[in-house]
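S.K.: One structure, pasted below without further comment.
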Amino acid sequence: MERWKRIVVKIGSSSLTDDTGRIQPPQMWAIARGAQVLAAAHDARLAIVSSGAGAAGRERLGLVRSLTLPERQAAAAVGQALLVLDWARALAPLPVAQLLLTASDVQDRERYVNARNALEASLRFGAVPIINENDSVATAELKLGDNDTLSAWAAYLMNADVLVILTDVDGLYDDDPRRNPGARRIEQVDDISEVEHLAGTAGSKRGTGGMLTKLRAARIASEAGIETIIIGGGGAGLERLASGEVWGTRIRARAPTSARKAWLAQQPPRGEVHIDAGAAQALSKGRSLLPSGVTAVGGWFAFGDAVAILHQEQEIARGLSNYGSEALARIRGRQTHEIHTVLGYKDYDEVVHRDNLVLVRFG
């Protein structure tokens, strides 16, 4: 197995807790040892994406009933402190650094860069970042959704070589191994789109997602040039991986997408720009979007806002518009030399420059 310089290990609630939802220290300590052995085998920097704050907070507060959103946030706030202390003990003598993220930390470019810089500095100081979603403040519109997705973005932020997802099933199977003893584990995946139909729905009742969210995370990582390995076995599974044995599913990476392109792909669009077949073909070849290829404009947006670019009602790209919606509606279908005549000014030749555009279907 090739050497990895940076490793992200994602641990779900089901790997840390028992059937009642209580965090089990022996399981955490075994995982901490396995992660350290894996990092030492590669002389790599390590980060851990850990679930379990909600479970820890509920236990500490003695909560067993259904909770309201503010109560769940409070439990997470209590649990975060306990969880990071548990990891500090388990990973000693290595220092740990806590990094709590929301969707805004991925979607806002300045916050994205700040989060990345904080992560880089923590690694440079030799600390192990313990990363989790900031559930104490994140509501539905602020959440990344699950820690599998969070782990992929942590791998992005860290410029990792590999994302290891530790779960209660040792990889992706061609059928549910809990129901079908003859199910076959898939050892390697080169194209995620060929296996997504095998993912099923949510797995353990103690987690927030099943194999489907793990494959979605793997797709995010893969497009950044980061491979993903899904394994089971807790700490022992990580130690087997350290010895070069992949007892799980290895998902190969594609050619990497730049961090800026990855950030662009996550921007919520403020409006829509509909384009013709010629413009769609030009975008697929890495060219900019010109006003001549625009057929319609939807929604209201300003200069610099993210827009969804659609062809035949399907989004094919996303980018930052050089013109607001009102101006673009006036110059749609026009040649670039006509922009000044129509608007009285011409700030840009392109509606969306290729450097500010990422394809979501082509390539």
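Each chain in the structure tokens gets a letter, A, B, ..., in the order shown, and its residues are numbered from 1; ligands are numbered from 1 in order too.
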Can you list, as a list in words, every protein, DNA or RNA residue that comes within 6 Å of segment 115-128 of chain A when you count only C-alpha atoms, leaving out same-chain residues fewer than 2 positions away?

M.R.: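 Counting only C-alpha atoms, the residues come to Leu46, Ala47, Pro95, Val96, Ala97, Tyr112, Val113 and Leu157 of chain A.
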
S.K.: Can you tell me which residues surround segment 286-300 of chain A at a distance of at most 9 Å, considering only C-alpha atoms, apart from same-chain residues fewer than 3 positions away, and format the answer as JSON, numbers by chain?

M.R.: {"A": [270, 271, 272, 273, 274, 275, 276, 277, 278, 279, 280, 281, 282, 283, 324, 325, 326, 328, 329, 331, 332, 333, 334, 335, 336, 339, 349, 350, 351, 352, 353, 354, 355, 356, 357, 359]}

S.K.: Kindly indicate which residue among A:Asp168, A:Ala160, A:Arg60, A:Gln98 lies nearest to Asp18 of chain A, using only C-alpha atoms for the distances.

M.R.: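 Going through A:Asp168, A:Ala160, A:Arg60, A:Gln98 one by one, the smallest distance to Asp18 of chain A is for A:Asp168.
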
S.K.: Provide the atom CA of Gly232 of chain A to atom CA of Leu166 of chain A distance in Å, to one decimal place.

M.R.: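 These atoms are spaced 5.5 Å apart.
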
S.K.: Could you check how far atom CA of Ile230 of chain A sits from atom CA of Glu2 of chain A, in Å to one decimal?

M.R.: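 That distance, rounded to one decimal, is 17.0 Å.
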